[in-house]
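The structure file structure_30.txt is reproduced below (compact mmCIF, C-alpha atoms).
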# COMPACT_ATOMS: atom_id res chain seq x y z
CA MET T 244 68.30 2.12 112.14
CA GLU T 245 69.82 -1.33 112.55
CA GLU T 246 66.35 -2.86 112.64
CA GLN T 247 65.47 -1.07 109.41
CA LEU T 248 68.61 -2.35 107.69
CA ALA T 249 67.88 -5.88 108.85
CA HIS T 250 64.36 -5.51 107.56
CA ASP T 251 65.52 -4.19 104.18
CA SER T 252 67.92 -7.10 103.78
CA LYS T 253 65.12 -9.65 103.79
CA GLU T 254 64.50 -9.44 100.07
CA GLY T 255 62.06 -12.05 98.87
CA LYS T 256 60.61 -12.48 102.39
CA LEU T 257 57.84 -9.95 102.30
CA THR T 258 55.63 -12.22 104.43
CA ALA T 259 58.17 -11.83 107.25
CA ASN T 260 57.29 -8.13 107.41
CA LYS T 261 54.69 -8.38 110.17
CA PRO T 262 53.44 -4.75 110.05
CA PHE T 263 52.89 -5.04 106.30
CA MET T 264 51.03 -8.32 106.72
CA ARG T 265 48.82 -6.64 109.33
CA LEU T 266 47.99 -3.93 106.82
CA ILE T 267 47.18 -6.56 104.18
CA ALA T 268 45.04 -8.53 106.65
CA ALA T 269 43.03 -5.40 107.43
CA GLN T 270 42.59 -4.79 103.69
CA LEU T 271 41.38 -8.38 103.16
CA VAL T 272 38.77 -8.12 105.91
CA SER T 273 37.42 -4.71 104.86
CA ASN T 274 37.39 -5.60 101.13
CA VAL T 275 35.23 -8.66 101.76
CA GLY T 276 32.90 -6.51 103.84
CA ASP T 277 32.69 -3.91 101.09
CA TRP T 278 31.47 -6.47 98.57
CA LEU T 279 28.78 -7.59 101.03
CA HIS T 280 27.69 -3.98 101.48
CA ILE T 281 27.62 -3.20 97.74
CA LEU T 282 25.67 -6.34 96.84
CA ALA T 283 23.17 -5.80 99.65
CA LEU T 284 22.75 -2.14 98.65
CA LEU T 285 22.10 -2.94 94.98
CA THR T 286 19.69 -5.70 95.95
CA MET T 287 17.78 -3.38 98.27
CA VAL T 288 17.63 -0.40 95.91
CA GLY T 289 17.37 -2.23 92.59
CA PHE T 290 15.02 -5.09 93.43
CA LYS T 291 13.26 -4.23 96.67
CA TRP T 292 12.72 -0.52 96.00
CA ASN T 293 12.61 -0.78 92.16
CA ALA T 294 14.86 2.24 91.65
CA THR T 295 15.14 3.76 88.17
CA PRO T 296 18.42 3.51 86.21
CA TRP T 297 19.24 7.15 87.01
CA GLU T 298 18.58 6.56 90.71
CA ILE T 299 20.97 3.62 90.62
CA THR T 300 23.52 5.76 88.74
CA ALA T 301 23.24 8.32 91.56
CA ILE T 302 24.48 5.65 93.96
CA SER T 303 27.75 5.37 92.03
CA LEU T 304 28.06 9.16 91.94
CA CYS T 305 27.57 9.43 95.70
CA MET T 306 30.45 7.02 96.21
CA ALA T 307 32.76 8.65 93.64
CA VAL T 308 32.20 12.39 94.13
CA PRO T 309 33.84 12.58 97.60
CA LEU T 310 37.00 11.06 96.14
CA LEU T 311 36.90 13.49 93.22
CA LEU T 312 36.58 16.56 95.44
CA GLY T 313 38.39 15.49 98.59
CA GLY T 314 41.43 13.58 97.31
CA PRO T 315 44.06 16.35 97.62
CA PHE T 316 42.86 17.46 101.07
CA ALA T 317 42.73 13.88 102.36
CA GLY T 318 46.25 13.39 100.99
CA TYR T 319 47.42 16.52 102.84
CA LEU T 320 45.96 15.19 106.09
CA SER T 321 47.63 11.80 105.64
CA ASP T 322 51.01 13.49 105.09
CA ARG T 323 50.67 15.81 108.07
CA PHE T 324 49.01 13.60 110.71
CA ASN T 325 49.47 10.08 112.02
CA ARG T 326 48.40 7.70 109.27
CA LYS T 327 47.62 4.83 111.60
CA ALA T 328 45.19 6.99 113.60
CA LEU T 329 43.52 8.24 110.40
CA MET T 330 42.96 4.68 109.14
CA ILE T 331 41.56 3.44 112.45
CA GLY T 332 39.28 6.48 112.78
CA SER T 333 38.06 5.99 109.22
CA ASP T 334 37.30 2.31 109.84
CA LEU T 335 35.32 3.04 113.01
CA ALA T 336 33.36 5.84 111.34
CA ARG T 337 32.51 3.61 108.38
CA ALA T 338 31.36 0.86 110.75
CA GLY T 339 28.79 3.25 112.21
CA ILE T 340 27.70 4.60 108.81
CA VAL T 341 27.11 1.14 107.32
CA VAL T 342 24.99 0.08 110.31
CA CYS T 343 22.79 3.13 109.70
CA LEU T 344 21.89 1.65 106.28
CA VAL T 345 19.85 -0.96 108.15
CA PHE T 346 17.46 1.81 109.20
CA ALA T 347 17.40 3.72 105.88
CA GLY T 348 13.87 3.96 104.52
CA SER T 349 14.31 6.17 101.47
CA LEU T 350 16.77 6.85 98.69
CA TRP T 351 17.80 10.29 99.95
CA GLN T 352 18.85 8.71 103.26
CA VAL T 353 20.92 6.16 101.36
CA TYR T 354 22.54 8.93 99.32
CA VAL T 355 23.49 10.90 102.44
CA LEU T 356 25.00 7.83 104.10
CA LEU T 357 26.94 6.92 100.94
CA VAL T 358 28.41 10.42 100.71
CA ALA T 359 29.44 10.19 104.38
CA LYS T 360 31.01 6.79 103.78
CA GLY T 361 32.73 8.13 100.66
CA ILE T 362 34.34 10.88 102.74
CA MET T 363 35.73 8.27 105.12
CA ASP T 364 36.88 6.13 102.17
CA VAL T 365 38.83 9.04 100.68
CA LEU T 366 40.43 9.68 104.07
CA PHE T 367 41.53 6.05 104.38
CA SER T 368 42.99 5.49 100.92
CA PRO T 369 45.95 7.95 100.85
CA ALA T 370 46.74 7.14 104.48
CA LYS T 371 47.02 3.46 103.55
CA SER T 372 49.26 4.29 100.55
CA GLY T 373 51.52 6.39 102.76
CA LYS T 374 51.67 3.68 105.41
CA LEU T 375 52.60 1.12 102.77
CA LYS T 376 55.48 3.38 101.75
CA GLU T 377 56.65 3.46 105.38
CA LEU T 378 56.51 -0.30 105.87
CA VAL T 379 57.91 -1.73 102.63
CA PRO T 380 61.44 -1.19 101.24
CA ALA T 381 61.75 -0.15 97.60
CA ALA T 382 63.26 -3.51 96.59
CA GLN T 383 60.05 -5.30 97.65
CA MET T 384 57.51 -2.76 96.39
CA ASP T 385 56.62 -4.78 93.26
CA LYS T 386 55.73 -7.79 95.37
CA ALA T 387 53.87 -5.67 97.91
CA MET T 388 51.70 -3.99 95.27
CA ALA T 389 51.07 -7.33 93.55
CA LEU T 390 49.97 -8.89 96.83
CA SER T 391 47.70 -5.94 97.63
CA SER T 392 46.14 -6.16 94.15
CA SER T 393 45.76 -9.94 94.50
CA ILE T 394 43.77 -9.42 97.70
CA GLU T 395 41.46 -7.02 95.89
CA GLN T 396 40.87 -9.46 93.05
CA ILE T 397 40.38 -12.49 95.32
CA THR T 398 37.70 -10.60 97.24
CA LYS T 399 36.19 -9.53 93.90
CA ILE T 400 35.83 -13.21 93.01
CA VAL T 401 34.74 -14.54 96.40
CA GLY T 402 32.87 -11.50 97.75
CA PRO T 403 29.86 -11.42 95.39
CA ALA T 404 29.26 -15.15 95.78
CA LEU T 405 29.47 -14.91 99.57
CA GLY T 406 27.24 -11.84 99.54
CA GLY T 407 24.62 -13.63 97.46
CA LEU T 408 24.55 -16.55 99.90
CA LEU T 409 24.25 -14.26 102.92
CA VAL T 410 21.48 -12.17 101.36
CA ALA T 411 19.55 -15.34 100.50
CA ALA T 412 20.11 -16.94 103.91
CA PHE T 413 19.92 -14.02 106.35
CA GLY T 414 18.62 -11.00 104.45
CA ILE T 415 19.95 -7.60 103.47
CA ALA T 416 20.24 -6.17 106.99
CA ALA T 417 22.56 -8.99 108.05
CA CYS T 418 25.01 -8.04 105.28
CA TYR T 419 25.15 -4.46 106.54
CA VAL T 420 25.81 -5.66 110.09
CA ILE T 421 28.53 -8.04 108.93
CA ASP T 422 30.15 -5.29 106.83
CA SER T 423 30.15 -3.02 109.88
CA ALA T 424 31.82 -5.77 111.89
CA THR T 425 34.54 -6.14 109.25
CA PHE T 426 35.43 -2.46 109.61
CA ILE T 427 35.67 -2.85 113.38
CA LEU T 428 37.87 -5.94 112.94
CA SER T 429 40.05 -4.04 110.45
CA ALA T 430 40.51 -1.24 113.01
CA VAL T 431 41.50 -3.78 115.68
CA ILE T 432 44.08 -5.32 113.33
CA LEU T 433 45.51 -1.87 112.50
CA ILE T 434 46.08 -1.13 116.19
CA GLY T 435 49.11 -3.44 115.95
CA LEU T 436 50.82 -1.27 113.32
CA PRO T 437 53.85 0.74 114.47
CA ARG T 438 52.97 4.32 115.32
CA THR T 439 55.04 6.94 113.50
CA ALA T 440 55.13 10.61 114.38
CA ALA T 441 53.66 13.20 112.06
CA LEU T 442 56.15 14.27 109.42
CA LYS T 443 58.27 17.23 110.43
CA LYS T 444 57.95 20.48 108.59
CA ASP T 445 60.78 22.57 107.22
CA ALA T 446 62.31 25.12 109.54
CA ALA T 447 61.24 27.79 107.09
CA GLU T 448 57.69 26.51 107.23
CA ASP T 449 57.68 26.51 111.03
CA SER T 450 58.76 30.12 111.10
CA THR T 451 55.97 31.40 108.85
CA GLY T 452 53.35 33.73 110.21
CA GLU T 453 49.57 33.47 110.00
CA ASN T 454 49.40 34.59 106.38
CA GLY T 455 52.29 32.31 105.51
CA ALA T 456 50.49 29.38 107.10
CA ARG T 457 47.44 29.99 104.96
CA LYS T 458 49.61 30.19 101.86
CA SER T 459 51.46 27.07 102.94
CA LEU T 460 48.18 25.16 103.20
CA ARG T 461 47.22 26.07 99.64
CA GLN T 462 50.67 25.12 98.41
CA GLU T 463 50.67 21.82 100.27
CA MET T 464 47.22 20.95 98.92
CA SER T 465 48.67 21.16 95.40
CA ALA T 466 52.07 19.69 96.31
CA GLY T 467 51.07 16.25 95.02
CA LEU T 468 50.43 17.67 91.56
CA HIS T 469 53.78 19.50 91.57
CA VAL T 470 55.60 16.27 92.46
CA ILE T 471 53.80 14.44 89.63
CA VAL T 472 54.63 17.13 87.07
CA GLY T 473 58.32 16.85 88.00
CA MET T 474 58.42 13.16 86.97
CA PRO T 475 57.69 12.77 83.21
CA VAL T 476 57.21 8.99 83.36
CA VAL T 477 54.73 9.32 86.23
CA LEU T 478 52.93 12.24 84.55
CA CYS T 479 52.52 10.33 81.28
CA GLY T 480 51.50 7.22 83.17
CA ILE T 481 48.75 9.11 84.99
CA ALA T 482 47.51 10.71 81.77
CA MET T 483 47.42 7.24 80.20
CA LEU T 484 45.64 5.80 83.25
CA VAL T 485 42.94 8.47 83.27
CA LEU T 486 42.32 8.26 79.50
CA VAL T 487 42.16 4.44 79.56
CA LEU T 488 39.72 4.50 82.48
CA LEU T 489 37.59 7.06 80.66
CA MET T 490 37.50 4.97 77.47
CA LEU T 491 36.82 1.72 79.31
CA GLN T 492 34.07 3.21 81.44
CA ILE T 493 32.19 4.16 78.26
CA GLY T 494 31.71 0.46 77.54
CA ASP T 495 32.16 -1.07 80.99
CA SER T 496 29.27 0.91 82.46
CA GLN T 497 26.98 -0.63 79.83
CA ILE T 498 27.91 -4.31 80.25
CA VAL T 499 24.38 -5.19 81.36
CA THR T 500 22.99 -3.48 78.27
CA LEU T 501 25.45 -5.38 76.05
CA PHE T 502 24.50 -8.73 77.56
CA ARG T 503 20.83 -8.03 76.93
CA GLU T 504 21.68 -7.99 73.21
CA ILE T 505 22.34 -11.78 73.36
CA PRO T 506 19.07 -13.67 72.72
CA GLY T 507 18.29 -16.10 75.54
CA VAL T 508 21.38 -15.17 77.60
CA ASN T 509 21.60 -16.61 81.11
CA GLY T 510 21.38 -13.92 83.82
CA ASP T 511 24.21 -15.59 85.77
CA LEU T 512 26.69 -14.95 82.93
CA LEU T 513 27.41 -11.41 84.11
CA GLY T 514 28.50 -12.61 87.54
CA TRP T 515 30.77 -15.24 85.99
CA CYS T 516 32.35 -12.64 83.71
CA VAL T 517 33.01 -10.26 86.63
CA ALA T 518 34.69 -13.13 88.46
CA ALA T 519 36.69 -13.93 85.30
CA SER T 520 38.03 -10.38 85.13
CA GLY T 521 39.09 -10.65 88.77
CA LEU T 522 40.85 -13.94 88.01
CA GLY T 523 42.68 -12.35 85.09
CA THR T 524 43.91 -9.43 87.20
CA LEU T 525 45.02 -11.89 89.88
CA LEU T 526 47.08 -13.79 87.28
CA SER T 527 48.73 -10.58 86.07
CA ALA T 528 49.49 -9.60 89.68
CA LEU T 529 51.28 -12.91 90.18
CA LEU T 530 53.19 -12.36 86.93
CA VAL T 531 54.30 -8.85 87.89
CA SER T 532 55.32 -10.10 91.34
CA ARG T 533 57.44 -12.83 89.78
CA ILE T 534 59.25 -10.88 87.06
CA GLY T 535 59.04 -7.36 88.50
CA SER T 536 58.09 -4.25 86.57
CA GLY T 537 61.49 -2.58 87.01
CA LYS T 538 62.16 0.09 84.41
CA HIS T 539 59.57 -1.27 81.99
CA THR T 540 56.45 0.25 83.56
CA LEU T 541 55.36 2.03 80.38
CA VAL T 542 55.77 -1.20 78.39
CA PHE T 543 53.45 -3.02 80.80
CA MET T 544 50.94 -0.18 80.69
CA GLY T 545 50.95 0.01 76.90
CA LEU T 546 50.55 -3.75 76.48
CA GLY T 547 47.81 -3.82 79.11
CA ALA T 548 45.87 -1.08 77.31
CA VAL T 549 46.22 -2.87 73.97
CA ILE T 550 44.97 -6.15 75.48
CA MET T 551 41.98 -4.49 77.15
CA GLY T 552 41.10 -2.57 74.00
CA VAL T 553 41.23 -5.64 71.76
CA VAL T 554 39.17 -7.65 74.23
CA PHE T 555 36.46 -4.98 74.57
CA SER T 556 36.15 -4.61 70.81
CA SER T 557 36.05 -8.39 70.38
CA ALA T 558 33.37 -8.75 73.05
CA GLY T 559 31.19 -6.27 71.16
CA ILE T 560 31.67 -8.12 67.86
CA VAL T 561 31.06 -11.57 69.40
CA THR T 562 27.91 -10.33 71.11
CA ALA T 563 26.57 -8.84 67.88
CA HIS T 564 27.02 -12.04 65.84
CA GLY T 565 26.87 -14.86 68.40
CA GLN T 566 24.08 -16.87 69.99
CA ALA T 567 23.57 -17.78 73.63
CA GLY T 568 25.04 -21.13 74.56
CA LEU T 569 28.15 -22.89 75.78
CA TRP T 570 30.53 -21.40 73.21
CA MET T 571 29.25 -17.89 73.83
CA ASN T 572 29.76 -18.37 77.57
CA ILE T 573 33.30 -19.64 77.02
CA ALA T 574 34.13 -16.78 74.64
CA LEU T 575 32.87 -14.08 76.99
CA PHE T 576 34.41 -15.70 80.06
CA GLY T 577 37.78 -15.86 78.30
CA SER T 578 37.43 -12.31 77.01
CA PHE T 579 36.80 -10.89 80.46
CA MET T 580 39.65 -12.91 81.92
CA PHE T 581 42.06 -11.44 79.35
CA ALA T 582 40.61 -7.99 80.03
CA GLY T 583 41.50 -8.55 83.68
CA VAL T 584 45.03 -9.52 82.67
CA GLY T 585 45.33 -6.29 80.69
CA ALA T 586 43.99 -4.23 83.60
CA GLY T 587 46.53 -5.78 85.94
CA LEU T 588 49.41 -5.09 83.56
CA ALA T 589 48.29 -1.48 83.14
CA PHE T 590 47.61 -0.58 86.76
CA ILE T 591 49.78 -2.71 89.08
CA PRO T 592 53.24 -1.78 87.69
CA PHE T 593 52.20 1.87 87.61
CA ASN T 594 51.18 1.85 91.29
CA SER T 595 54.42 0.11 92.18
CA MET T 596 56.47 2.71 90.29
CA LEU T 597 54.48 5.49 91.94
CA GLN T 598 55.24 4.14 95.40
CA GLN T 599 58.94 3.86 94.57
CA ARG T 600 59.31 7.28 92.94
CA THR T 601 57.22 9.37 95.34
CA PRO T 602 59.04 10.87 98.35
CA ALA T 603 57.59 9.49 101.60
CA GLU T 604 56.48 12.93 102.81
CA TYR T 605 54.36 13.45 99.66
CA THR T 606 52.84 9.97 99.28
CA GLY T 607 49.41 10.86 100.63
CA ARG T 608 49.05 13.99 98.52
CA VAL T 609 50.25 12.27 95.34
CA PHE T 610 47.85 9.34 95.74
CA GLY T 611 45.04 11.69 96.79
CA THR T 612 45.55 13.75 93.63
CA ILE T 613 45.59 10.62 91.47
CA GLY T 614 42.43 9.41 93.19
CA SER T 615 40.68 12.65 92.23
CA LEU T 616 41.81 12.38 88.61
CA THR T 617 40.74 8.76 88.22
CA SER T 618 37.41 9.51 89.91
CA ALA T 619 36.73 12.13 87.26
CA ALA T 620 37.17 9.43 84.61
CA VAL T 621 34.96 7.02 86.54
CA ILE T 622 32.22 9.67 86.74
CA LEU T 623 32.44 11.03 83.19
CA GLY T 624 32.85 7.63 81.49
CA PRO T 625 29.40 6.23 82.36
CA VAL T 626 27.75 9.51 81.36
CA ALA T 627 29.46 9.38 77.95
CA GLY T 628 28.67 5.67 77.70
CA GLY T 629 24.99 6.23 78.42
CA ALA T 630 24.78 8.93 75.76
CA LEU T 631 26.63 6.78 73.20
CA VAL T 632 24.52 3.70 73.88
CA THR T 633 21.35 5.76 73.62
CA ALA T 634 22.50 7.13 70.26
CA SER T 635 23.97 4.02 68.62
CA GLY T 636 23.49 0.95 70.85
CA PRO T 637 25.84 -1.01 73.15
CA VAL T 638 27.79 -2.90 70.45
CA PRO T 639 29.18 0.25 68.76
CA ALA T 640 29.95 1.68 72.22
CA PHE T 641 32.07 -1.35 73.11
CA ILE T 642 33.83 -1.41 69.74
CA LEU T 643 34.58 2.32 69.90
CA SER T 644 35.81 2.32 73.51
CA GLY T 645 37.94 -0.77 72.88
CA THR T 646 39.47 0.63 69.70
CA LEU T 647 40.37 3.94 71.36
CA THR T 648 41.88 2.13 74.35
CA ALA T 649 44.04 -0.05 72.10
CA LEU T 650 45.20 3.00 70.13
CA LEU T 651 46.18 4.72 73.38
CA GLY T 652 48.29 1.68 74.28
CA VAL T 653 50.01 1.67 70.88
CA LEU T 654 50.70 5.41 71.18
CA LEU T 655 52.28 4.96 74.61
CA LEU T 656 54.52 2.16 73.30
CA MET T 657 55.62 4.38 70.40
CA LEU T 658 56.44 7.35 72.65
CA ARG T 659 57.98 5.31 75.47
CA GLY T 660 61.60 5.99 74.53
CA LYS T 661 61.13 9.76 74.34
CA ILE T 662 59.25 9.85 77.65
CA GLU T 663 61.92 7.81 79.44
CA ARG T 664 64.73 10.02 78.11
CA ARG T 665 62.96 13.11 79.42
CA ASP T 666 62.46 11.38 82.75
CA GLU T 667 66.15 10.51 83.02
CA ALA T 668 67.04 14.14 82.28
CA ALA T 669 64.64 15.30 85.00
CA ILE T 670 66.21 12.90 87.50
CA LYS T 671 69.72 14.16 86.72
CA ARG T 672 68.56 17.76 86.99
CA GLU T 673 66.96 17.06 90.36
CA GLU T 674 70.09 15.30 91.60
CA GLY T 675 72.17 18.32 90.52
CA ILE T 676 69.88 20.74 92.37
CA SER T 677 69.98 18.53 95.47
CA ALA T 678 73.80 18.36 95.39
CA THR T 679 74.04 22.17 95.03
CA ASN T 680 71.70 22.72 97.96
CA ASN T 681 73.69 20.31 100.11
CA LEU T 682 76.93 22.16 99.30
CA GLU T 683 75.32 25.50 100.15
CA LEU T 684 73.99 24.10 103.42
CA LEU T 685 77.44 22.70 104.26
CA GLY T 686 79.03 26.09 103.54
CA GLN T 687 76.55 27.89 105.77
CA THR T 688 77.14 25.38 108.54
CA SER T 689 80.92 25.79 108.38
CA LEU T 690 80.54 29.58 108.61
Please, can you express the file's structure as structure tokens?
Amino acid sequence: MEEQLAHDSKEGKLTANKPFMRLIAAQLVSNVGDWLHILALLTMVGFKWNATPWEITAISLCMAVPLLLGGPFAGYLSDRFNRKALMIGSDLARAGIVVCLVFAGSLWQVYVLLVAKGIMDVLFSPAKSGKLKELVPAAQMDKAMALSSSIEQITKIVGPALGGLLVAAFGIAACYVIDSATFILSAVILIGLPRTAALKKDAAEDSTGENGARKSLRQEMSAGLHVIVGMPVVLCGIAMLVLVLLMLQIGDSQIVTLFREIPGVNGDLLGWCVAASGLGTLLSALLVSRIGSGKHTLVFMGLGAVIMGVVFSSAGIVTAHGQAGLWMNIALFGSFMFAGVGAGLAFIPFNSMLQQRTPAEYTGRVFGTIGSLTSAAVILGPVAGGALVTASGPVPAFILSGTLTALLGVLLLMLRGKIERRDEAAIKREEGISATNNLELLGQTSL
């Protein structure tokens, strides 16, 4: 207890939290490896095997569907079993799966391996979120989430370039082997994390019979959703997050198609724009870390959605009326950088608030449920985008998705006050119920 208090008192010294820095180091290593694996996979399937657009789309579905279907169950496991062991086991399993890609000779083999890897990914993610909750005090959560997001964006900038160099120098198989090694290294780093016992169950839960246990499992699988519904700010934030992702995926999934509308465009421009979006999100992560999101999470989310929406619509308009050249490159690079800023403002403060508001024993299930909801948007968005682009072209798709995203941001800003008042009422009601239960428990104890 004294060690925890000493740890909590070190506000502003997040880097002194050695277990947290171990977790971040493992994330850095595995994220770099993931970019190598994705680039090598797309190179192999898209260029070497000449896969059709629908076959390439199936790759994304194989990676996303396990998260869509398995999020709540993976969250339940991470809340009921040792999170450190789950993360290490997931890393080791993924190391073996990625190596098997070296020997894949057909698309169906790739699909099977990607589904298997997706299952391990969905097992790792809520366990990591729960472990982060264990290691970081609430006062430092903004900085912790900003640092974690910064790592993701730095690897998004550096990873593709490094992957391209390795593919050119050593071939596709070498990237798979290196990615496998990064998972093994991540597992070794995670060994140094403190081991915490599985969360204890309620006495009432322990006394349930066989039928009660089955009912308890069903209830616990949906416990994350019940926790979310009880927090109006979190519930509205998730609804906003899912809708924004859905709208953005309509256009974002068709970026290549949009760029093809520019006569004489350089093929390298797409890579530069992806890096620009990562840079923008990194800048917003640094901003959130410096000023903190505090009680203004919905303001950040609304502004972020407005920025992303305006940028997407502008990119569509510029593409429709511009010509390839230096000024077009600068305009699109700047647009994607500001889109990254908007994404950071929308997502990072929300994740920080979610970590702070979620009880530790429900962290895995809450994040698993959110992972399933966002995966649904990631899956449905490209399908809607493909249909819209087929019907009207990429420029209208970008303008429409951007306009709807901006309107969602404006709507959230307009309703923010009402949502926050309802949230405060829910907090007071919960505190009253908790106080009543404590008094009843005290009375029973005295008897």
Close residues, Val470 in chain T itself excluded, 10 Å, all atoms listed in the file, min 2 positions apart in chain, as a list in words: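 The filter keeps Ser465, Ala466, Gly467, Leu468, Val472, Gly473, Met474, Val477, Leu478, Arg600, Thr601, Pro602, Tyr605, Thr606, Arg608 and Val609 of chain T.
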For CA of Gly583 in chain T and CA of Met544 in chain T, the interatomic separation in Å (one decimal):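 Between these atoms lies a distance of 13.0 Å.
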Neighbour residues at most 12 Å from (37.9, 15.6, 90.0) (only C-alpha atoms) as an MDAnalysis selection string: chainID T and resid 304 307:315 485 611:623
Residues within 12 Å of Val355 in chain T, all atoms listed in the file, excluding chain neighbours under 2 positions, as a VMD selection string: chain T and resid 301 to 302 304 to 306 309 340 to 341 343 to 344 347 349 to 353 357 to 362
Exercise: Lys661 in chain T partners within 12 Å, all atoms listed in the file, chain neighbours under 4 positions left out, as a ChimeraX atom specification: /T:475-476,479,541,654-657,665-668
CA of Ile591 in chain T to CA of Ser556 in chain T, straight-line distance in Å: 22.9 Å
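When all atoms listed in the file are used to compute distances to Leu647 in chain T, the closest of the residues T:Ser372, T:Gln383, T:Gln492, T:Asn274 turns out to be T:Gln492.
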Sphere at (33.1, -2.4, 109.1), radius 12 Å, counting all atoms listed in the file: residues as number ranges by chain: T: 269-280, 331-343, 360, 363-364, 418-431
Interatomic distance (Å, one decimal) between CA of Ala317 in chain T and CA of Gly521 in chain T: 28.3 Å
Nearby residues (only C-alpha atoms) at most 9 Å from Ala558 in chain T, same-chain spacing under 4 positions excluded, as a ChimeraX atom specification: /T:553-554,562-563,574-575,578-579,638,641-642
Pick from T:Ala640, T:Ile432, T:Met483, T:Leu525, whichever lies nearest to Ala389 in chain T using all atoms listed in the file: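 Among T:Ala640, T:Ile432, T:Met483, T:Leu525, it is T:Leu525 that comes nearest to Ala389 in chain T.
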